[in-house]
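Colleague: Here it is, the structure, as structure tokens.
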Amino acid sequence: MYKKTAIFLIILLIISICNIGLNKISRQNIVWGSNTDTSPNTLVSDGVSREDDINLLARAIHAESKGEPYEGQVAVGAVILNRVKDAKFPNTLPGVIYQPGAFEPVDRGTINEPANETAYKAALDAINGWDPTGGALYFWNPSTATSPWIWSRTIIIKIGNHVFGN
Amino acid sequence: MRKYIQIIIVLFLVILTSIVIYHQYNERKEYHTYLDSQFQRQFYDLIGYVENAQVDLAKAMVANNSKDMIKYLNDLNFHSYMAHEKLTQLPIEHDSIYKTEIFLNQLGDYSTAMANKSLDGEELDEKEMDTLAELHSYANELSQELIELHDKLSKENINFATLKRQSNRDLSKFNEEMKKFDLINFEERMQDYPELIYDGPFSAHLKKIKPKLNGKIISEDEAVKIANKTFKNPVKVVGKLENTIIPGYYLQGTEDNSDTRVSAAISERAGKIIWYFNPREIGEDRIDSEKSIKIAEEFLKDIGYDNMIPTYTMNHGDHSIINFAYNENGVIIYSDLIKVKVASDNGEIIGLGTEGFLINHHKRDIDKPQITENEARQRISDTIKIKNTRLAIIPTAGGKEVLCYEFETEFGNDTYLIYIDANNGKEVEILLMVRDDEGTLVI
């Protein structure tokens, strides 16, 4: 009887301690509008081009579309960059990626995982202006998307498991 | 005795667990409060910036000289972009506030366009002043509604952080809470918001671009044939590209391995390759960037793009990306852009992007410039060394095209491209060329 209670308590203790670790991780996601460059007027050949931006975009692509076809990964990057240029969304790359509720990997913390080589190449192509979606601002996974609103978007193309649209 | 020890162990564990759980509870509460205060601060900032923007607008309208007006318009630009930035970082659902976001962005953008106009010595006409007045009434309403919303939130003790947490747990409950955040009145009022057309990146007319591509509609089979003629990997049609500026067929390689499968889109009209990717592994470098440029040039000629000249290149280790612009009798047309990606192992074309060219290219009647190259040269500071000059057409942020003299110049250790309007001598754009290991970037 006591033995069972003790085992139960030990398990509870272990779970609690693990939980502390989890709390620490989830705090990493809190990023406060750190980018002060709000001007959308800077003319860059086709968007942004700094090394840290490429890395951030690559991590977002990796977290959102691992295992998708290459053009699907470029497409995810293009959607993010299209948002930077659109009036409906934040005007900077970090602003768009860390917008609350916009991308699941940010809420889950997987955005902090390093990108693989494919995602990095896809990010480069997207930053250099390739856009397989012809200007899409949204993408969703038809089998897991829960918001009815997202289905009211017009569909442009379906690549792999993602639908891209406006 | 044994039982006694057991009881002590269990008691000890109970106390330890309680301490850990209590500690966690406190920590959680701390994060929660921290998160909420950050959101609260952003909300206060948001209201502050919207109020400031509204005051700037009012002052700009009554300013009696263009100097003051430009000052207020510049403040307005800053305050509206900051308000936009704050609004987009609050945990509010996108579809309930996006019209407000458009408003704030266009407010900032429009004020820049008007400030630029004043800087050029032009007075704002009556219509533009009316637009400012109208924007002012919108800004006024928005700040009223934000203040009301804030009152409501503090009265009902609604917590941003709770909202954020709920979104992960119970979607329906979250949506209910979310409704309290709606800027309903303002979003509704935005239904009759005027369509603002001006020279800026968020201008309303930019969405309505019509491609200048002509030709007959092609079939799926023809699309496959075009792809197979251009690239060696066999492909099949797997989808369509619809509801976009250039509709087309979506093709993929027939091989099973999705990591190395090629893909392409071919326009329905005229059967042009819109984009192409070949994500294969690339072996050891054997081809330098000069050779890559040659290969890319040859390739474009082969698929029917004549008169394309390379404008800049980026060397990304195992591949180079070369940008080409159309050359019309010595005038470089940057809007008609084609990108080619060349593998550095065997020189194969592993990427192509022609969207810029397909959307923009048309027969242009380029008028003779009103000012001479020498006159344009005078506009550039003496301390700057001019290395090269040519005529170019560049796109503006508002989607127009301007004929310019392009000066490649040197200042300090940096290379700048300076664009002087070939008709009125105004400086249109300055670009800084960054030369690093990866090649030449233009920013």
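Just remember, in the structure tokens the first chain shown is A, the second B, etc., residues are 1-based per chain, and ligands are 1-based in the order shown.
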If you count only C-alpha atoms, which residues fall within 10 Å of Lys88 of chain A, apart from same-chain ones fewer than 3 positions away, as a list of chain:residue names?
Modeller: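 In the requested format, the answer is A:Arg83, A:Val84, A:Lys85, A:Asn91, A:Leu137, B:His84, B:Thr88, B:His94, B:Asp95, B:Ile97, B:Tyr98, B:Lys99, B:Thr100, B:Glu101, B:Ile102, B:Phe103, B:Leu104, B:Asn105, B:Gln106, B:Phe202.
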Colleague: At a cut-off of 7 Å, which residues of chain B touch chain A? Count only C-alpha atoms and give the answer as a VMD selection string.
Modeller: chain B and resid 6 10 13 to 14 17 20 to 21 24 81 85 88 to 91 98 to 99 101 to 102 105 202 240 to 245 258 to 259 263 275 277 279 353 442 to 443
Colleague: With a distance cut-off of 7 Å and only C-alpha atoms, select the neighbouring residues of Thr354 of chain B, excluding the residue or stretch itself and same-chain residues fewer than 6 positions from it, and output the selection as a list of chain:residue names.
Modeller: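 The filter keeps B:Ile274, B:Trp275, B:Leu337, B:Ile338, B:Lys339.
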Colleague: From a DSSP pass on the backbone, collect the residues of segment 18-162 of chain B flagged as alpha helix (DSSP H) and hand them back as a VMD selection string.
Modeller: chain B and resid 18 to 62 66 to 88 98 to 119 126 to 155 160 to 162
Colleague: Do you know which residues are at most 9 Å from Asn141 of chain A counting only C-alpha atoms, after dropping those on the same chain fewer than 5 positions away, and could you put them as JSON, numbers by chain?
Modeller: {"A": [161, 162, 163]}
Colleague: Export, as a short mmCIF file (atom, residue, chain, number, x, y, z; two decimals), in the first residue's frame, the selected residues with all heavy atoms.
Modeller:
```cif
data_model
loop_
_atom_site.label_atom_id
_atom_site.label_comp_id
_atom_site.auth_asym_id
_atom_site.auth_seq_id
_atom_site.Cartn_x
_atom_site.Cartn_y
_atom_site.Cartn_z
N ASN A 161 0.96 18.19 -49.48
CA ASN A 161 -0.16 18.19 -48.54
C ASN A 161 -0.73 19.57 -48.28
O ASN A 161 -1.62 19.72 -47.45
CB ASN A 161 0.29 17.60 -47.20
CG ASN A 161 0.58 16.12 -47.33
OD1 ASN A 161 -0.18 15.39 -47.98
ND2 ASN A 161 1.69 15.69 -46.76
N HIS A 162 -0.20 20.58 -48.94
CA HIS A 162 -0.66 21.94 -48.65
C HIS A 162 -1.47 22.54 -49.80
O HIS A 162 -1.18 22.30 -50.96
CB HIS A 162 0.53 22.87 -48.38
CG HIS A 162 1.16 22.66 -47.04
ND1 HIS A 162 2.52 22.69 -46.84
CD2 HIS A 162 0.61 22.42 -45.83
CE1 HIS A 162 2.78 22.48 -45.56
NE2 HIS A 162 1.65 22.30 -44.93
N VAL A 163 -2.48 23.31 -49.41
CA VAL A 163 -3.22 24.09 -50.39
C VAL A 163 -2.81 25.55 -50.23
O VAL A 163 -2.72 26.05 -49.11
CB VAL A 163 -4.74 23.94 -50.15
CG1 VAL A 163 -5.51 24.88 -51.06
CG2 VAL A 163 -5.17 22.51 -50.38
#
```
